[in-house]
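**Student:** Dropping in entry21.pdb, which is PDB, C-alpha atoms and all ligand atoms:
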ATOM      1  CA  MET A   1     -13.903 -19.942  10.120  1.00  0.00           C
ATOM      2  CA  LYS A   2     -16.476 -22.507   9.005  1.00  0.00           C
ATOM      3  CA  GLN A   3     -17.303 -22.733   5.310  1.00  0.00           C
ATOM      4  CA  GLU A   4     -21.045 -22.140   6.029  1.00  0.00           C
ATOM      5  CA  GLN A   5     -20.135 -18.943   7.852  1.00  0.00           C
ATOM      6  CA  ILE A   6     -17.958 -17.719   4.986  1.00  0.00           C
ATOM      7  CA  ILE A   7     -20.895 -18.273   2.628  1.00  0.00           C
ATOM      8  CA  LEU A   8     -23.299 -16.421   4.958  1.00  0.00           C
ATOM      9  CA  VAL A   9     -20.951 -13.440   5.227  1.00  0.00           C
ATOM     10  CA  GLN A  10     -20.314 -13.288   1.478  1.00  0.00           C
ATOM     11  CA  GLU A  11     -24.002 -13.662   0.587  1.00  0.00           C
ATOM     12  CA  THR A  12     -25.158 -10.973   2.994  1.00  0.00           C
ATOM     13  CA  TRP A  13     -22.334  -8.649   1.934  1.00  0.00           C
ATOM     14  CA  GLY A  14     -23.555  -9.093  -1.660  1.00  0.00           C
ATOM     15  CA  LYS A  15     -26.858  -7.534  -0.570  1.00  0.00           C
ATOM     16  CA  ILE A  16     -25.061  -4.501   0.879  1.00  0.00           C
ATOM     17  CA  ILE A  17     -22.889  -3.828  -2.190  1.00  0.00           C
ATOM     18  CA  PRO A  18     -25.590  -2.018  -4.255  1.00  0.00           C
ATOM     19  CA  GLU A  19     -26.057   0.306  -1.247  1.00  0.00           C
ATOM     20  CA  LEU A  20     -22.424   0.690  -0.302  1.00  0.00           C
ATOM     21  CA  ASP A  21     -22.455   4.469  -0.564  1.00  0.00           C
ATOM     22  CA  PRO A  22     -25.296   5.182   1.911  1.00  0.00           C
ATOM     23  CA  ALA A  23     -24.210   2.205   4.047  1.00  0.00           C
ATOM     24  CA  SER A  24     -20.694   3.578   4.415  1.00  0.00           C
ATOM     25  CA  ASN A  25     -22.058   7.021   5.376  1.00  0.00           C
ATOM     26  CA  ASP A  26     -24.312   5.435   7.987  1.00  0.00           C
ATOM     27  CA  PHE A  27     -21.406   3.354   9.260  1.00  0.00           C
ATOM     28  CA  MET A  28     -19.199   6.413   9.779  1.00  0.00           C
ATOM     29  CA  ASP A  29     -22.048   8.427  11.351  1.00  0.00           C
ATOM     30  CA  LYS A  30     -22.736   5.558  13.749  1.00  0.00           C
ATOM     31  CA  LEU A  31     -19.044   5.144  14.583  1.00  0.00           C
ATOM     32  CA  LEU A  32     -18.735   8.838  15.455  1.00  0.00           C
ATOM     33  CA  GLU A  33     -21.965   8.699  17.449  1.00  0.00           C
ATOM     34  CA  ILE A  34     -20.560   5.794  19.501  1.00  0.00           C
ATOM     35  CA  LYS A  35     -17.160   7.468  19.974  1.00  0.00           C
ATOM     36  CA  PRO A  36     -17.141  11.143  18.903  1.00  0.00           C
ATOM     37  CA  ASP A  37     -13.460  11.526  19.858  1.00  0.00           C
ATOM     38  CA  LEU A  38     -12.475   9.379  16.880  1.00  0.00           C
ATOM     39  CA  ILE A  39     -12.917  12.426  14.653  1.00  0.00           C
ATOM     40  CA  LYS A  40      -9.518  13.582  15.975  1.00  0.00           C
ATOM     41  CA  LEU A  41      -7.847  10.608  14.266  1.00  0.00           C
ATOM     42  CA  PHE A  42      -9.372  11.281  10.866  1.00  0.00           C
ATOM     43  CA  ARG A  43      -7.378  13.463   8.521  1.00  0.00           C
ATOM     44  CA  THR A  44      -9.315  12.278   5.488  1.00  0.00           C
ATOM     45  CA  ASP A  45     -12.893  13.407   4.884  1.00  0.00           C
ATOM     46  CA  THR A  46     -15.131  10.968   6.816  1.00  0.00           C
ATOM     47  CA  ARG A  47     -17.248  10.134   3.725  1.00  0.00           C
ATOM     48  CA  GLU A  48     -14.135   9.219   1.758  1.00  0.00           C
ATOM     49  CA  LEU A  49     -12.664   7.272   4.663  1.00  0.00           C
ATOM     50  CA  GLY A  50     -15.927   5.334   5.101  1.00  0.00           C
ATOM     51  CA  LEU A  51     -15.713   4.250   1.468  1.00  0.00           C
ATOM     52  CA  LEU A  52     -12.019   3.318   1.789  1.00  0.00           C
ATOM     53  CA  MET A  53     -12.769   1.178   4.834  1.00  0.00           C
ATOM     54  CA  MET A  54     -15.772  -0.437   3.130  1.00  0.00           C
ATOM     55  CA  ALA A  55     -13.687  -1.133   0.006  1.00  0.00           C
ATOM     56  CA  MET A  56     -11.080  -2.900   2.159  1.00  0.00           C
ATOM     57  CA  ILE A  57     -13.788  -4.844   4.006  1.00  0.00           C
ATOM     58  CA  ASN A  58     -15.112  -5.831   0.597  1.00  0.00           C
ATOM     59  CA  ARG A  59     -11.711  -7.197  -0.425  1.00  0.00           C
ATOM     60  CA  ALA A  60     -11.236  -9.001   2.887  1.00  0.00           C
ATOM     61  CA  ILE A  61     -14.687 -10.599   2.672  1.00  0.00           C
ATOM     62  CA  THR A  62     -14.052 -11.702  -0.910  1.00  0.00           C
ATOM     63  CA  ALA A  63     -10.706 -13.155   0.233  1.00  0.00           C
ATOM     64  CA  LEU A  64     -12.158 -15.123   3.175  1.00  0.00           C
ATOM     65  CA  ASP A  65     -11.902 -18.321   1.101  1.00  0.00           C
ATOM     66  CA  ASP A  66      -8.194 -17.765   0.787  1.00  0.00           C
ATOM     67  CA  PHE A  67      -7.414 -15.857   3.949  1.00  0.00           C
ATOM     68  CA  GLU A  68      -3.774 -16.969   4.208  1.00  0.00           C
ATOM     69  CA  GLU A  69      -2.989 -15.421   0.854  1.00  0.00           C
ATOM     70  CA  PHE A  70      -4.597 -12.150   1.944  1.00  0.00           C
ATOM     71  CA  ARG A  71      -3.000 -12.123   5.428  1.00  0.00           C
ATOM     72  CA  PRO A  72       0.121 -10.069   4.464  1.00  0.00           C
ATOM     73  CA  GLU A  73      -2.074  -7.286   3.128  1.00  0.00           C
ATOM     74  CA  ILE A  74      -4.115  -7.194   6.362  1.00  0.00           C
ATOM     75  CA  GLN A  75      -0.850  -7.158   8.342  1.00  0.00           C
ATOM     76  CA  LYS A  76       0.350  -4.117   6.402  1.00  0.00           C
ATOM     77  CA  LEU A  77      -3.015  -2.443   6.972  1.00  0.00           C
ATOM     78  CA  GLY A  78      -2.648  -3.156  10.704  1.00  0.00           C
ATOM     79  CA  LYS A  79       0.808  -1.582  10.786  1.00  0.00           C
ATOM     80  CA  ARG A  80      -0.509   1.566   9.090  1.00  0.00           C
ATOM     81  CA  HIS A  81      -3.275   1.733  11.702  1.00  0.00           C
ATOM     82  CA  ILE A  82      -0.846   2.058  14.563  1.00  0.00           C
ATOM     83  CA  HIS A  83       0.409   5.256  12.941  1.00  0.00           C
ATOM     84  CA  TYR A  84      -3.191   6.450  12.726  1.00  0.00           C
ATOM     85  CA  GLY A  85      -3.374   6.101  16.541  1.00  0.00           C
ATOM     86  CA  VAL A  86      -6.021   3.340  16.548  1.00  0.00           C
ATOM     87  CA  THR A  87      -6.434   1.374  19.819  1.00  0.00           C
ATOM     88  CA  ASP A  88      -7.881  -2.062  20.585  1.00  0.00           C
ATOM     89  CA  ASP A  89     -10.973  -0.394  22.026  1.00  0.00           C
ATOM     90  CA  ASP A  90     -11.476   1.416  18.705  1.00  0.00           C
ATOM     91  CA  PHE A  91     -11.622  -1.963  16.956  1.00  0.00           C
ATOM     92  CA  ASP A  92     -14.558  -2.899  19.209  1.00  0.00           C
ATOM     93  CA  LYS A  93     -16.311   0.349  18.334  1.00  0.00           C
ATOM     94  CA  VAL A  94     -15.823  -0.282  14.617  1.00  0.00           C
ATOM     95  CA  ALA A  95     -17.285  -3.775  15.107  1.00  0.00           C
ATOM     96  CA  GLU A  96     -20.325  -2.265  16.826  1.00  0.00           C
ATOM     97  CA  ALA A  97     -20.870   0.296  14.053  1.00  0.00           C
ATOM     98  CA  LEU A  98     -20.371  -2.332  11.344  1.00  0.00           C
ATOM     99  CA  LEU A  99     -22.873  -4.777  12.887  1.00  0.00           C
ATOM    100  CA  TRP A 100     -25.375  -1.954  13.373  1.00  0.00           C
ATOM    101  CA  THR A 101     -25.006  -1.033   9.677  1.00  0.00           C
ATOM    102  CA  LEU A 102     -25.420  -4.647   8.559  1.00  0.00           C
ATOM    103  CA  LYS A 103     -28.566  -4.961  10.641  1.00  0.00           C
ATOM    104  CA  LYS A 104     -30.001  -1.760   9.196  1.00  0.00           C
ATOM    105  CA  TYR A 105     -29.413  -2.757   5.562  1.00  0.00           C
ATOM    106  CA  LEU A 106     -30.148  -6.480   5.829  1.00  0.00           C
ATOM    107  CA  GLY A 107     -33.370  -6.173   7.789  1.00  0.00           C
ATOM    108  CA  ALA A 108     -34.930  -9.616   8.267  1.00  0.00           C
ATOM    109  CA  ALA A 109     -31.923 -11.265   6.587  1.00  0.00           C
ATOM    110  CA  TYR A 110     -29.836 -10.243   9.622  1.00  0.00           C
ATOM    111  CA  THR A 111     -30.421 -13.446  11.568  1.00  0.00           C
ATOM    112  CA  ASP A 112     -28.508 -14.647  14.650  1.00  0.00           C
ATOM    113  CA  GLU A 113     -26.457 -16.971  12.422  1.00  0.00           C
ATOM    114  CA  VAL A 114     -25.577 -14.081  10.126  1.00  0.00           C
ATOM    115  CA  ALA A 115     -24.584 -11.902  13.089  1.00  0.00           C
ATOM    116  CA  ASP A 116     -22.414 -14.697  14.533  1.00  0.00           C
ATOM    117  CA  ALA A 117     -20.720 -15.299  11.177  1.00  0.00           C
ATOM    118  CA  TRP A 118     -19.915 -11.583  10.843  1.00  0.00           C
ATOM    119  CA  VAL A 119     -18.481 -11.447  14.356  1.00  0.00           C
ATOM    120  CA  VAL A 120     -16.173 -14.354  13.473  1.00  0.00           C
ATOM    121  CA  ALA A 121     -15.123 -12.727  10.169  1.00  0.00           C
ATOM    122  CA  TYR A 122     -14.502  -9.292  11.699  1.00  0.00           C
ATOM    123  CA  THR A 123     -12.642 -10.764  14.678  1.00  0.00           C
ATOM    124  CA  GLN A 124     -10.377 -12.721  12.344  1.00  0.00           C
ATOM    125  CA  ILE A 125      -9.497  -9.615  10.322  1.00  0.00           C
ATOM    126  CA  ALA A 126      -9.171  -7.328  13.370  1.00  0.00           C
ATOM    127  CA  GLN A 127      -7.002  -9.899  15.161  1.00  0.00           C
ATOM    128  CA  VAL A 128      -4.451  -9.945  12.336  1.00  0.00           C
ATOM    129  CA  MET A 129      -4.450  -6.120  12.224  1.00  0.00           C
ATOM    130  CA  LYS A 130      -3.975  -5.820  15.999  1.00  0.00           C
ATOM    131  CA  GLU A 131      -1.206  -8.452  16.136  1.00  0.00           C
ATOM    132  CA  SER A 132       0.767  -6.839  13.341  1.00  0.00           C
ATOM    133  CA  SER A 133       0.428  -3.376  14.836  1.00  0.00           C
ATOM    134  CA  ALA A 134       1.595  -4.733  18.216  1.00  0.00           C
ATOM    135  CA  GLN A 135       4.633  -6.336  16.520  1.00  0.00           C
ATOM    136  CA  SER A 136       5.503  -3.162  14.627  1.00  0.00           C
ATOM    137  CA  GLN A 137       6.074  -1.348  17.937  1.00  0.00           C
ATOM    138  CA  PHE A 138       9.140  -3.521  18.405  1.00  0.00           C
ATOM    139  CA  ALA A 139      10.251  -3.650  14.767  1.00  0.00           C
TER     140      ALA A 139
HETATM  141  C1  LIG B   1     -11.488  -4.338   9.745  1.00  0.00           C
HETATM  142  C2  LIG B   1     -11.046  -3.188  10.218  1.00  0.00           C
HETATM  143  C3  LIG B   1     -10.548  -2.032   9.378  1.00  0.00           C
HETATM  144  C4  LIG B   1     -10.364  -1.902   8.034  1.00  0.00           C
HETATM  145  C5  LIG B   1     -10.634  -2.944   6.946  1.00  0.00           C
HETATM  146  C6  LIG B   1      -9.855  -0.568   7.804  1.00  0.00           C
HETATM  147  C7  LIG B   1      -9.518  -0.037   6.560  1.00  0.00           C
HETATM  148  C8  LIG B   1      -8.907   1.190   6.346  1.00  0.00           C
HETATM  149  C9  LIG B   1      -8.408   1.674   5.086  1.00  0.00           C
HETATM  150  C10 LIG B   1      -8.477   0.907   3.772  1.00  0.00           C
HETATM  151  C11 LIG B   1      -7.869   2.905   5.280  1.00  0.00           C
HETATM  152  C12 LIG B   1      -7.245   3.818   4.229  1.00  0.00           C
HETATM  153  C13 LIG B   1      -5.768   4.049   4.454  1.00  0.00           C
HETATM  154  C14 LIG B   1      -4.927   2.804   4.407  1.00  0.00           C
HETATM  155  O1  LIG B   1      -5.142   1.920   3.556  1.00  0.00           O
HETATM  156  O2  LIG B   1      -4.034   2.703   5.267  1.00  0.00           O
HETATM  157  C15 LIG B   1      -8.024   3.209   6.678  1.00  0.00           C
HETATM  158  C16 LIG B   1      -7.595   4.353   7.284  1.00  0.00           C
HETATM  159  C17 LIG B   1      -7.869   4.688   8.572  1.00  0.00           C
HETATM  160  N1  LIG B   1      -8.580   3.922   9.469  1.00  0.00           N
HETATM  161 FE1  LIG B   1      -9.162   2.006   9.220  1.00  0.00          FE
HETATM  162  N2  LIG B   1      -9.744   0.082   8.982  1.00  0.00           N
HETATM  163  C18 LIG B   1     -10.173  -0.784   9.976  1.00  0.00           C
HETATM  164  C19 LIG B   1     -10.241  -0.500  11.306  1.00  0.00           C
HETATM  165  C20 LIG B   1     -10.105   0.753  11.837  1.00  0.00           C
HETATM  166  C21 LIG B   1     -10.388   1.092  13.201  1.00  0.00           C
HETATM  167  C22 LIG B   1     -10.822   0.130  14.275  1.00  0.00           C
HETATM  168  C23 LIG B   1     -10.172   2.418  13.313  1.00  0.00           C
HETATM  169  C24 LIG B   1     -10.410   3.259  14.538  1.00  0.00           C
HETATM  170  C25 LIG B   1     -11.304   4.128  14.586  1.00  0.00           C
HETATM  171  C26 LIG B   1      -9.705   2.920  12.024  1.00  0.00           C
HETATM  172  C27 LIG B   1      -9.316   4.206  11.756  1.00  0.00           C
HETATM  173  C28 LIG B   1      -8.659   4.628  10.634  1.00  0.00           C
HETATM  174  C29 LIG B   1      -7.962   5.886  10.508  1.00  0.00           C
HETATM  175  C30 LIG B   1      -7.808   6.926  11.593  1.00  0.00           C
HETATM  176  C31 LIG B   1      -7.458   5.939   9.207  1.00  0.00           C
HETATM  177  C32 LIG B   1      -6.635   7.065   8.593  1.00  0.00           C
HETATM  178  C33 LIG B   1      -7.584   8.138   8.326  1.00  0.00           C
HETATM  179  C34 LIG B   1      -7.044   9.409   7.855  1.00  0.00           C
HETATM  180  O3  LIG B   1      -5.881   9.553   7.504  1.00  0.00           O
HETATM  181  O4  LIG B   1      -7.886  10.305   7.875  1.00  0.00           O
HETATM  182  N3  LIG B   1      -9.699   1.870  11.153  1.00  0.00           N
HETATM  183  N4  LIG B   1      -8.674   2.155   7.297  1.00  0.00           N
END
Please lay out the structure from this file as structure tokens.
**Tutor:**
Amino acid sequence: MKQEQIILVQETWGKIIPELDPASNDFMDKLLEIKPDLIKLFRTDTRELGLLMMAMINRAITALDDFEEFRPEIQKLGKRHIHYGVTDDDFDKVAEALLWTLKKYLGAAYTDEVADAWVVAYTQIAQVMKESSAQSQFA
């Protein structure tokens, strides 16, 4: 990921942080609107889960500068997700809901460059999660 993109993602995320609570509710509502069946996977209250996911996204975004150091944690998260029954398609739906939420809260600051940078960041994180969950099937 390019340094300029890391900066764009971290700066725009900084604008979301003061509104993390409503943003995470909107994110979960949007995710379930896109794919209502996902509710079957959630054992935790959706509000709480939205905050847990946002908190992990927060840590991953903060760690983008030092992604290699953070990689083992994302791998473990990916392995847990296979037990939750999450599929590759679900990762795309989460991306859609996340980008929608960013657009809603960033308004005019959600430029094409910002959107591209977020796609790169999310893809990088999701890729590590998917690879480690695929490996854990054979472990
Ligand atoms: C960047 C991507 C993602 C991040 C950072 C993330 C983060 C988290 C975190 C922090 C938890 C709390 C439990 C734990 O730490 O294991 C969790 C649980 C969970 N996540 Fe994710 N997640 C991501 C992608 C997804 C996707 C694509 C789905 C599919 C819809 C999903 C569905 C779930 C489910 C079903 C649980 C367990 C919920 C429960 O027990 O009720 N996550 N996720």
**Student:** The PyMOL selection byres (((chain A and resi 52-60) around 9) and not hetatm) - which residues does that actually catch in the file I just gave you? List them as JSON, numbers by chain.
**Tutor:** {"A": [13, 17, 20, 23, 24, 47, 48, 49, 50, 51, 61, 62, 63, 64, 67, 70, 74, 122, 125]}
**Student:** Identify, counting only C-alpha atoms and all ligand atoms, the protein, DNA and RNA residues located within 8 Å of ligand LIG 1 (chain B), and give them as a ChimeraX atom specification.
**Tutor:** /A:31,38,41-46,49,52-57,60,74,77-78,80-81,84-95,122,125-126,129
**Student:** Return the single residue from A:Glu73, A:Asp65, A:Glu113, A:Glu11 that is closest to Val128 of chain A, with distances computed using only C-alpha atoms.
**Tutor:**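 Ranked by minimum distance to Val128 of chain A, first place goes to A:Glu73.
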**Student:** Could you check the closest approach to Ala134 of chain A for each of A:Asp29, A:His83, A:Leu8, A:Met1 and tell me which residue wins, using only C-alpha atoms?
**Tutor:**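 The answer is A:His83, which sits nearest to Ala134 of chain A.
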**Student:** May I ask for the distance between atom CA of Val120 of chain A and atom CA of Ile6 of chain A, given in Å to one decimal place?
**Tutor:**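 Separating atom CA of Val120 of chain A from atom CA of Ile6 of chain A is a distance of 9.3 Å.
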**Student:** Show me the residues close to (-22.1, -12.4, 15.1) - anything with an atom within 12 Å, counting only C-alpha atoms - and format the list as a list in words.
**Tutor:**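 Here is the list of nearby residues: Gln5, Leu8, Val9, Ala95, Glu96, Leu98, Leu99, Trp100, Leu102, Lys103, Tyr110, Thr111, Asp112, Glu113, Val114, Ala115, Asp116, Ala117, Trp118, Val119, Val120, Ala121, Tyr122 and Thr123 of chain A.
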**Student:** Any idea what the distance is between atom CA of Gln75 of chain A and atom CA of Ser132 of chain A?
**Tutor:** 5.3 Å
**Student:** What is the atom CA of Glu131 of chain A-atom CA of Ala97 of chain A distance in Å, reported with one decimal?
**Tutor:**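 Atom CA of Ala97 of chain A lies 21.6 Å from atom CA of Glu131 of chain A.
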**Student:** Just checking: using only C-alpha atoms, which residue out of A:Glu33, A:Asp26, A:Glu69, A:Glu4 ends up closest to Tyr105 of chain A?
**Tutor:**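 The closest residue to Tyr105 of chain A is A:Asp26.
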